[in-house]
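Raw contents of query-v1.txt, compact mmCIF, C-alpha atoms and all ligand atoms:
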# COMPACT_ATOMS: atom_id res chain seq x y z
CA MET A 1 0.00 0.00 0.00
CA GLN A 2 1.28 3.50 -0.86
CA PRO A 3 2.17 5.55 2.20
CA ILE A 4 -0.04 8.62 2.54
CA ASP A 5 1.29 11.91 3.87
CA ARG A 6 -0.56 13.80 6.56
CA ARG A 7 -1.78 16.62 4.32
CA THR A 8 -3.28 14.19 1.76
CA PHE A 9 -4.89 12.25 4.59
CA VAL A 10 -6.46 15.36 6.13
CA LYS A 11 -7.74 16.43 2.69
CA ALA A 12 -9.25 13.00 2.07
CA VAL A 13 -10.97 12.98 5.45
CA ALA A 14 -12.28 16.50 4.93
CA GLY A 15 -13.60 15.42 1.53
CA THR A 16 -15.44 12.48 3.09
CA ALA A 17 -16.90 14.71 5.78
CA ALA A 18 -18.07 17.23 3.19
CA LEU A 19 -19.63 14.47 1.12
CA ALA A 20 -21.33 13.05 4.19
CA ALA A 21 -22.63 16.52 5.08
CA ARG A 22 -24.02 16.94 1.55
CA GLU A 23 -25.70 13.57 1.81
CA ALA A 24 -27.29 14.62 5.07
CA VAL A 25 -28.75 17.69 3.38
CA THR A 26 -30.08 15.58 0.51
CA ALA A 27 -31.63 13.25 3.06
CA THR A 28 -33.48 16.18 4.55
CA THR A 29 -35.20 16.92 1.27
CA ALA A 30 -35.87 13.28 0.41
CA SER A 31 -37.20 12.51 3.87
CA PRO A 32 -38.76 9.07 4.28
CA GLY A 33 -40.24 10.09 7.64
CA ALA A 34 -39.19 8.71 10.99
CA VAL A 35 -37.55 5.29 11.17
CA PHE A 36 -36.77 3.26 14.29
CA LEU A 37 -34.75 0.08 14.38
CA SER A 38 -34.35 -1.91 17.61
CA THR A 39 -32.82 -5.21 18.60
CA TRP A 40 -34.76 -8.31 19.65
CA ILE A 41 -38.43 -8.82 20.39
CA GLN A 42 -38.52 -6.05 22.99
CA GLY A 43 -37.76 -3.72 20.09
CA LYS A 44 -41.37 -3.95 18.88
CA ALA A 45 -42.91 -2.22 21.88
CA ALA A 46 -39.91 0.10 22.10
CA ASN A 47 -40.30 1.27 18.51
CA ALA A 48 -44.03 1.79 18.94
CA ARG A 49 -43.44 3.95 22.02
CA ALA A 50 -40.67 5.86 20.28
CA ALA A 51 -42.87 6.61 17.27
CA GLU A 52 -45.73 7.66 19.53
CA THR A 53 -43.42 9.97 21.51
CA LEU A 54 -42.14 11.64 18.36
CA LYS A 55 -45.64 11.99 16.95
CA SER A 56 -46.90 13.66 20.07
CA GLY A 57 -44.24 16.34 19.88
CA GLY A 58 -41.29 14.79 21.73
CA SER A 59 -37.78 15.11 20.41
CA LEU A 60 -35.92 12.21 18.80
CA LEU A 61 -33.89 11.84 22.01
CA ASP A 62 -37.16 11.66 23.98
CA ALA A 63 -38.40 9.05 21.53
CA VAL A 64 -35.39 6.77 21.88
CA GLU A 65 -35.30 7.20 25.66
CA LYS A 66 -39.02 6.50 26.15
CA GLY A 67 -38.87 3.64 23.67
CA ILE A 68 -36.07 1.96 25.59
CA ASN A 69 -37.91 2.60 28.90
CA THR A 70 -40.56 0.07 27.78
CA ALA A 71 -37.98 -2.74 27.87
CA GLU A 72 -36.47 -1.51 31.13
CA ASP A 73 -39.88 -1.47 32.82
CA ASP A 74 -40.92 -4.94 31.68
CA PRO A 75 -40.18 -7.55 34.39
CA ASN A 76 -40.44 -10.34 31.83
CA ILE A 77 -37.43 -9.13 29.89
CA THR A 78 -34.56 -10.67 31.81
CA THR A 79 -31.79 -8.81 30.00
CA VAL A 80 -32.70 -5.18 30.58
CA GLY A 81 -33.71 -3.02 33.56
CA TYR A 82 -36.19 -4.35 36.13
CA GLY A 83 -36.06 -8.15 36.09
CA GLY A 84 -32.64 -8.17 34.38
CA LEU A 85 -30.48 -11.07 35.52
CA PRO A 86 -27.94 -10.14 38.16
CA ASN A 87 -24.17 -10.45 38.44
CA ALA A 88 -22.41 -13.38 40.12
CA GLU A 89 -23.20 -11.97 43.56
CA GLY A 90 -26.91 -11.58 42.86
CA GLU A 91 -26.84 -7.79 42.29
CA VAL A 92 -28.41 -6.32 39.18
CA GLU A 93 -25.95 -3.92 37.54
CA LEU A 94 -27.22 -1.94 34.57
CA ASP A 95 -25.41 -0.25 31.68
CA ALA A 96 -26.90 2.27 29.24
CA ALA A 97 -25.94 5.01 26.82
CA ILE A 98 -27.68 7.47 24.55
CA MET A 99 -26.02 9.57 21.85
CA ASP A 100 -27.31 12.64 20.08
CA GLY A 101 -26.11 12.82 16.48
CA ALA A 102 -26.80 16.56 16.27
CA ARG A 103 -24.61 17.63 19.18
CA HIS A 104 -22.22 14.73 18.76
CA ARG A 105 -22.54 14.10 22.47
CA ALA A 106 -23.54 11.15 24.60
CA GLY A 107 -24.55 10.37 28.16
CA ALA A 108 -23.87 7.00 29.73
CA VAL A 109 -24.03 5.06 32.98
CA ALA A 110 -22.22 1.87 33.87
CA SER A 111 -22.75 -0.65 36.68
CA LEU A 112 -25.74 1.28 37.97
CA ARG A 113 -27.60 -0.48 40.78
CA GLN A 114 -31.18 -0.16 42.08
CA ILE A 115 -32.42 2.21 39.38
CA LYS A 116 -34.61 0.58 36.78
CA ASN A 117 -34.28 3.16 34.00
CA PRO A 118 -30.57 3.62 33.32
CA ILE A 119 -31.25 5.10 29.86
CA SER A 120 -33.06 8.00 31.54
CA VAL A 121 -30.16 8.50 33.94
CA ALA A 122 -27.81 8.43 30.94
CA ARG A 123 -29.97 11.04 29.25
CA LEU A 124 -29.60 13.30 32.30
CA VAL A 125 -25.84 12.81 32.31
CA LEU A 126 -26.00 14.15 28.76
CA GLU A 127 -28.36 17.02 29.51
CA LYS A 128 -27.29 18.15 32.98
CA THR A 129 -23.56 17.58 33.20
CA ARG A 130 -20.38 18.19 31.26
CA HIS A 131 -19.48 14.52 31.73
CA THR A 132 -20.19 11.68 29.37
CA THR A 133 -20.12 8.60 31.61
CA LEU A 134 -20.86 7.98 35.28
CA ALA A 135 -20.25 4.61 36.88
CA GLY A 136 -21.17 2.62 39.98
CA GLU A 137 -21.78 4.45 43.24
CA GLY A 138 -21.36 7.87 41.62
CA ALA A 139 -23.94 7.05 38.96
CA PHE A 140 -26.32 5.85 41.68
CA ARG A 141 -25.89 9.01 43.74
CA PHE A 142 -26.39 11.15 40.63
CA ALA A 143 -29.62 9.28 39.88
CA LEU A 144 -30.87 9.96 43.42
CA GLN A 145 -30.02 13.64 43.02
CA MET A 146 -32.02 13.65 39.80
CA GLY A 147 -35.04 12.29 41.67
CA PHE A 148 -34.93 8.60 40.72
CA ARG A 149 -36.15 6.22 43.40
CA PRO A 150 -34.06 3.18 44.33
CA GLN A 151 -35.78 -0.17 44.21
CA GLN A 152 -35.05 -3.88 44.25
CA LEU A 153 -34.47 -4.86 40.63
CA LEU A 154 -34.61 -8.61 41.22
CA THR A 155 -37.97 -10.16 40.51
CA PRO A 156 -38.96 -13.49 42.09
CA GLU A 157 -38.14 -15.09 38.71
CA SER A 158 -34.70 -13.54 38.28
CA LEU A 159 -33.84 -14.28 41.93
CA LYS A 160 -34.76 -17.93 41.39
CA LYS A 161 -32.63 -18.11 38.24
CA TRP A 162 -29.66 -16.71 40.13
CA LEU A 163 -30.18 -19.11 43.06
CA ASP A 164 -30.37 -22.04 40.60
CA TRP A 165 -27.18 -20.88 38.88
CA LYS A 166 -25.45 -20.46 42.24
CA ALA A 167 -26.50 -23.93 43.36
CA ASP A 168 -25.20 -25.62 40.21
CA PRO A 169 -21.70 -26.98 40.89
CA LYS A 170 -21.07 -27.06 37.13
CA ARG A 171 -22.20 -23.49 36.56
CA GLN A 172 -20.43 -21.41 33.95
CA THR A 173 -18.68 -18.33 35.22
CA PHE A 174 -16.88 -15.54 33.46
CA TRP A 175 -13.63 -16.58 35.10
CA LEU A 176 -13.73 -19.50 32.67
CA ASN A 177 -16.17 -19.45 29.77
CA PRO A 178 -18.94 -17.06 29.09
CA ALA A 179 -22.41 -18.05 30.21
CA ASP A 180 -24.99 -17.44 27.52
CA ASN A 181 -27.79 -15.18 28.62
CA HIS A 182 -28.17 -11.71 27.26
CA ASP A 183 -30.27 -9.67 24.84
CA THR A 184 -29.65 -5.96 25.10
CA ILE A 185 -32.05 -3.45 23.66
CA GLY A 186 -30.25 -1.25 21.17
CA MET A 187 -32.17 1.35 19.19
CA VAL A 188 -31.26 3.69 16.36
CA GLY A 189 -33.71 6.25 15.07
CA THR A 190 -34.06 9.11 12.65
CA ASP A 191 -36.75 11.78 12.55
CA GLY A 192 -36.73 11.73 8.75
CA GLN A 193 -35.07 15.12 8.67
CA GLY A 194 -31.45 14.13 8.83
CA HIS A 195 -31.23 13.79 12.62
CA VAL A 196 -30.17 10.50 14.22
CA VAL A 197 -29.97 9.17 17.78
CA ALA A 198 -28.67 5.86 19.16
CA GLY A 199 -29.41 4.31 22.55
CA CYS A 200 -29.00 1.05 24.36
CA SER A 201 -29.74 -0.41 27.76
CA THR A 202 -28.81 -3.73 29.31
CA SER A 203 -28.26 -5.76 32.45
CA GLY A 204 -25.23 -7.08 30.59
CA LEU A 205 -24.13 -10.66 30.73
CA ALA A 206 -25.93 -12.68 33.38
CA TRP A 207 -23.64 -13.79 36.24
CA LYS A 208 -20.93 -11.34 35.21
CA ILE A 209 -18.12 -10.52 37.58
CA PRO A 210 -19.27 -7.56 39.72
CA GLY A 211 -18.08 -4.27 38.28
CA ARG A 212 -17.75 -5.65 34.77
CA VAL A 213 -18.57 -2.97 32.19
CA GLY A 214 -19.76 -4.20 28.80
CA ASP A 215 -19.80 -2.46 25.46
CA SER A 216 -23.27 -0.96 25.87
CA PRO A 217 -22.37 2.15 27.92
CA LEU A 218 -19.17 2.82 26.00
CA VAL A 219 -19.58 5.51 23.38
CA GLY A 220 -18.47 4.16 20.00
CA CYS A 221 -19.01 0.57 21.13
CA GLY A 222 -22.65 0.05 22.16
CA VAL A 223 -23.86 3.24 20.49
CA TYR A 224 -22.72 5.90 18.07
CA ALA A 225 -24.63 8.63 16.26
CA ASP A 226 -23.52 11.38 13.90
CA ASP A 227 -25.96 13.55 11.96
CA ASN A 228 -23.44 13.76 9.10
CA VAL A 229 -23.73 10.02 8.54
CA GLY A 230 -26.03 7.84 10.65
CA ALA A 231 -26.17 5.74 13.79
CA ALA A 232 -25.38 2.23 14.98
CA SER A 233 -25.86 -0.01 17.98
CA ALA A 234 -24.72 -3.48 19.00
CA THR A 235 -25.88 -6.51 20.92
CA GLY A 236 -24.03 -9.63 21.96
CA ASP A 237 -20.73 -10.43 23.60
CA GLY A 238 -19.65 -7.03 24.83
CA ASP A 239 -16.29 -8.23 26.06
CA LEU A 240 -15.45 -9.17 22.49
CA MET A 241 -17.18 -6.25 20.77
CA THR A 242 -15.52 -3.58 22.90
CA ASN A 243 -12.24 -4.51 21.24
CA TYR A 244 -13.69 -3.61 17.85
CA CYS A 245 -15.39 -0.30 18.77
CA THR A 246 -18.35 -1.75 16.95
CA SER A 247 -20.74 1.17 16.50
CA ILE A 248 -18.23 3.85 15.53
CA SER A 249 -16.60 1.43 13.08
CA ILE A 250 -19.94 0.98 11.33
CA VAL A 251 -20.69 4.69 11.24
CA HIS A 252 -17.24 5.44 9.86
CA ALA A 253 -17.70 2.80 7.16
CA MET A 254 -20.95 4.54 6.21
CA ALA A 255 -19.07 7.86 6.11
CA ARG A 256 -16.73 6.28 3.58
CA GLY A 257 -19.72 5.51 1.37
CA ALA A 258 -20.96 2.11 2.52
CA SER A 259 -24.68 1.51 2.90
CA PRO A 260 -25.78 0.64 6.45
CA GLN A 261 -26.04 -3.02 5.46
CA GLU A 262 -22.60 -3.04 3.83
CA ALA A 263 -21.11 -1.25 6.83
CA CYS A 264 -22.52 -3.85 9.25
CA VAL A 265 -21.16 -6.72 7.16
CA GLU A 266 -17.77 -5.05 6.69
CA LEU A 267 -17.29 -4.77 10.44
CA LEU A 268 -18.40 -8.35 11.12
CA ARG A 269 -16.05 -9.66 8.43
CA HIS A 270 -13.23 -7.73 10.05
CA ILE A 271 -14.02 -9.29 13.42
CA VAL A 272 -13.80 -12.76 11.92
CA LYS A 273 -10.73 -11.92 9.83
CA THR A 274 -8.73 -10.82 12.84
CA ASP A 275 -9.57 -14.05 14.67
CA PRO A 276 -11.22 -16.97 12.86
CA ALA A 277 -12.43 -18.27 16.22
CA ASN A 278 -14.92 -15.40 16.05
CA ARG A 279 -16.90 -17.26 13.36
CA THR A 280 -19.20 -18.37 16.16
CA ALA A 281 -19.06 -15.14 18.15
CA GLN A 282 -22.26 -13.65 19.47
CA VAL A 283 -22.29 -10.32 17.69
CA GLY A 284 -25.31 -8.52 16.26
CA VAL A 285 -25.39 -5.00 14.89
CA ILE A 286 -27.97 -2.55 13.58
CA ALA A 287 -27.43 0.69 11.70
CA LEU A 288 -29.27 3.37 9.82
CA ASN A 289 -28.19 6.40 7.83
CA THR A 290 -29.68 9.85 7.68
CA ARG A 291 -31.76 8.85 4.64
CA GLY A 292 -33.47 6.18 6.72
CA GLU A 293 -31.78 3.24 4.98
CA ILE A 294 -31.12 0.41 7.39
CA GLY A 295 -28.75 -2.47 8.00
CA ALA A 296 -28.73 -5.41 10.41
CA ALA A 297 -26.38 -8.37 10.61
CA CYS A 298 -24.96 -10.99 12.92
CA ILE A 299 -21.99 -13.29 12.58
CA ALA A 300 -23.39 -16.71 13.30
CA LYS A 301 -26.62 -18.66 13.19
CA ASN A 302 -26.15 -19.62 16.84
CA PHE A 303 -26.86 -15.95 17.63
CA GLN A 304 -29.46 -15.07 15.03
CA LEU A 305 -30.23 -11.39 15.44
CA LYS A 306 -33.87 -10.45 15.26
CA TYR A 307 -34.90 -6.85 15.11
CA ALA A 308 -37.91 -4.61 15.00
CA LEU A 309 -38.33 -2.00 12.29
CA TRP A 310 -40.78 0.87 12.45
CA ARG A 311 -41.23 2.82 9.25
CA GLU A 312 -44.08 4.76 7.67
CA GLY A 313 -46.43 4.05 10.53
CA GLU A 314 -45.89 0.32 10.40
CA GLY A 315 -43.98 -2.04 12.68
CA ARG A 316 -42.31 -5.24 11.46
CA PHE A 317 -40.23 -7.94 13.14
CA LEU A 318 -37.40 -9.32 11.01
CA GLU A 319 -34.34 -11.55 10.98
CA SER A 320 -30.98 -10.05 10.13
CA ILE A 321 -28.64 -11.52 7.59
CA THR A 322 -26.07 -13.93 9.02
CA LEU A 323 -22.43 -14.06 7.92
CA PHE A 324 -21.97 -17.80 8.49
C1 LIG B 401 -22.96 -6.83 27.20
N1 LIG B 401 -23.52 -6.36 24.93
O1 LIG B 401 -23.07 -6.38 28.32
C2 LIG B 401 -24.08 -6.60 26.22
C3 LIG B 401 -25.00 -7.77 26.27
C4 LIG B 401 -25.86 -7.90 25.07
O2 LIG B 401 -27.23 -9.14 23.76
O3 LIG B 401 -25.93 -7.09 24.22
N2 LIG B 401 -26.51 -8.95 24.86
O4 LIG B 401 -21.99 -7.48 26.82
Let me see the structure of the file written as structure tokens.
Amino acid sequence: MQPIDRRTFVKAVAGTAALAAREAVTATTASPGAVFLSTWIQGKAANARAAETLKSGGSLLDAVEKGINTAEDDPNITTVGYGGLPNAEGEVELDAAIMDGARHRAGAVASLRQIKNPISVARLVLEKTRHTTLAGEGAFRFALQMGFRPQQLLTPESLKKWLDWKADPKRQTFWLNPADNHDTIGMVGTDGQGHVVAGCSTSGLAWKIPGRVGDSPLVGCGVYADDNVGAASATGDGDLMTNYCTSISIVHAMARGASPQEACVELLRHIVKTDPANRTAQVGVIALNTRGEIGAACIAKNFQLKYALWREGEGRFLESITLF
């Protein structure tokens, strides 16, 4: 490969940015209306709430936040918010992030305990502070200051699952191999006028080592949004995905001209190329650009990504393409 000097590189990047900005403007005029794309079955209700919020005058950030709240509030979803499966010590620790593509700013919380709506706490980190991420005890105290009420996040069902896991002498732990129990809600949305937002919320991997932070609350990993290009979010093995800065990689591929679908596939191929053992990795990604075009993909059939799409007033539930 020819070496590239700094000036040529800067010019090339500036050119890409200008092109992306032009595309964003075009998208504004050729608006397809609002589009929401969310991971897993919980994405259906989340998209519906998001669309409703936008329609009734809320902002796109409000829409994504309120949409994700539906999964956090549902005790039957054992991977997000209230009812999410706990860490190895039986404590529910939640991660969430939300990113505003207009301001190019995010808010995030990691390892938050006793507060069932981490995406709303993340939103307040974005709106009320100069910080981007708060973690653990500090995030909890911030939530209390913001008026959130602490509560027990274990449900009788999730407590029983943890007790069963604890009682199993052959149980999988993260000191050895990953246990398999997770389904984050990730959502990307556009208002149809060139603005994008990404958000995600999760209880992370069940039985994780206390204090473990996954990809979800890390800007560029679990979420990324840029109004010049589009937005992306990820679900799956966050310990693996963090090493690939999943969401920003996808958005940058779109900035270089890839469609959302191509960008998702490009990143997944890269993950497998760098380590062939990743052919069975649990990695699912969703993306959309400012024109409302979408992409969704996962690496392997053993982790078949399903996602909810809301477009033109209609919700659908779909399967992503699979690399292998
Ligand atoms: C994590 N990425 O904490 C999250 C879990 C997840 O589908 O997305 N599961 O690693």
field: For atom CA of A:Val223 and atom CA of A:Ile68, the interatomic separation in Å (one decimal)
entry: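 Interatomic distance, atom CA of A:Val223 to atom CA of A:Ile68: 13.3 Å.
Our summary of the geometry notes that atom CA of A:Pro150 is positioned 11.6 Å from atom CA of A:Pro118.
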- request: Measuring atom to atom with all atoms listed in the file, identify which of A:Ile321, A:Ile119, A:Leu305, A:Cys264 is nearest to ligand LIG 401 (chain B).
  value: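 Among the listed residues, A:Leu305 lies closest to ligand LIG 401 (chain B).
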So that I can check the surroundings of stretch 132-147 of chain A, please list as a short mmCIF file (atom, residue, chain, number, x, y, z; two decimals) with C-alpha atoms, keeping the file's coordinate frame every protein, DNA and RNA residue that reaches within 12 Å of it, counting all atoms listed in the file and ignoring chain neighbours fewer than 6 positions away.
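Result file part.cif:
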data_model
loop_
_atom_site.label_atom_id
_atom_site.label_comp_id
_atom_site.auth_asym_id
_atom_site.auth_seq_id
_atom_site.Cartn_x
_atom_site.Cartn_y
_atom_site.Cartn_z
CA VAL A 92 -28.41 -6.32 39.18
CA GLU A 93 -25.95 -3.92 37.54
CA LEU A 94 -27.22 -1.94 34.57
CA ASP A 95 -25.41 -0.25 31.68
CA ALA A 96 -26.90 2.27 29.24
CA ALA A 97 -25.94 5.01 26.82
CA ILE A 98 -27.68 7.47 24.55
CA MET A 99 -26.02 9.57 21.85
CA ASP A 100 -27.31 12.64 20.08
CA HIS A 104 -22.22 14.73 18.76
CA ARG A 105 -22.54 14.10 22.47
CA ALA A 106 -23.54 11.15 24.60
CA GLY A 107 -24.55 10.37 28.16
CA ALA A 108 -23.87 7.00 29.73
CA VAL A 109 -24.03 5.06 32.98
CA ALA A 110 -22.22 1.87 33.87
CA SER A 111 -22.75 -0.65 36.68
CA LEU A 112 -25.74 1.28 37.97
CA ARG A 113 -27.60 -0.48 40.78
CA GLN A 114 -31.18 -0.16 42.08
CA ILE A 115 -32.42 2.21 39.38
CA LYS A 116 -34.61 0.58 36.78
CA ASN A 117 -34.28 3.16 34.00
CA PRO A 118 -30.57 3.62 33.32
CA ILE A 119 -31.25 5.10 29.86
CA SER A 120 -33.06 8.00 31.54
CA VAL A 121 -30.16 8.50 33.94
CA ALA A 122 -27.81 8.43 30.94
CA ARG A 123 -29.97 11.04 29.25
CA LEU A 124 -29.60 13.30 32.30
CA VAL A 125 -25.84 12.81 32.31
CA LEU A 126 -26.00 14.15 28.76
CA PRO A 210 -19.27 -7.56 39.72
CA GLY A 211 -18.08 -4.27 38.28
CA ARG A 212 -17.75 -5.65 34.77
CA VAL A 213 -18.57 -2.97 32.19
CA GLY A 214 -19.76 -4.20 28.80
CA SER A 216 -23.27 -0.96 25.87
CA PRO A 217 -22.37 2.15 27.92
CA LEU A 218 -19.17 2.82 26.00
CA VAL A 219 -19.58 5.51 23.38
#
Write out as a tab-separated table the residues of chain A that have any atom within 6 Å of an atom of ligand LIG 401 (chain B), one row each with the nearest atom pair and its distance in Å to one decimal, counting all atoms listed in the file, sorted by chain and then rising number.
residue	atom	partner	partner_atom	distance
A:His182	CA	B:LIG401	N2	4.0
A:Asp183	CA	B:LIG401	O2	3.3
A:Thr184	CA	B:LIG401	O3	4.0
A:Gly204	CA	B:LIG401	O1	3.2
A:Leu205	CA	B:LIG401	O1	5.0
A:Gly214	CA	B:LIG401	O1	4.0
A:Asp215	CA	B:LIG401	N1	5.4
A:Ser216	CA	B:LIG401	N1	5.5
A:Thr235	CA	B:LIG401	O3	3.4
A:Gly236	CA	B:LIG401	O2	3.7
A:Asp237	CA	B:LIG401	O4	4.5
A:Gly238	CA	B:LIG401	O4	3.1
A:Asp239	CA	B:LIG401	O4	5.8
message: What's the separation between atom CA of A:Val188 and atom CA of A:Tyr82, in Å to one decimal place?
response: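 Atom-to-atom, atom CA of A:Val188 to atom CA of A:Tyr82, that is 21.9 Å.
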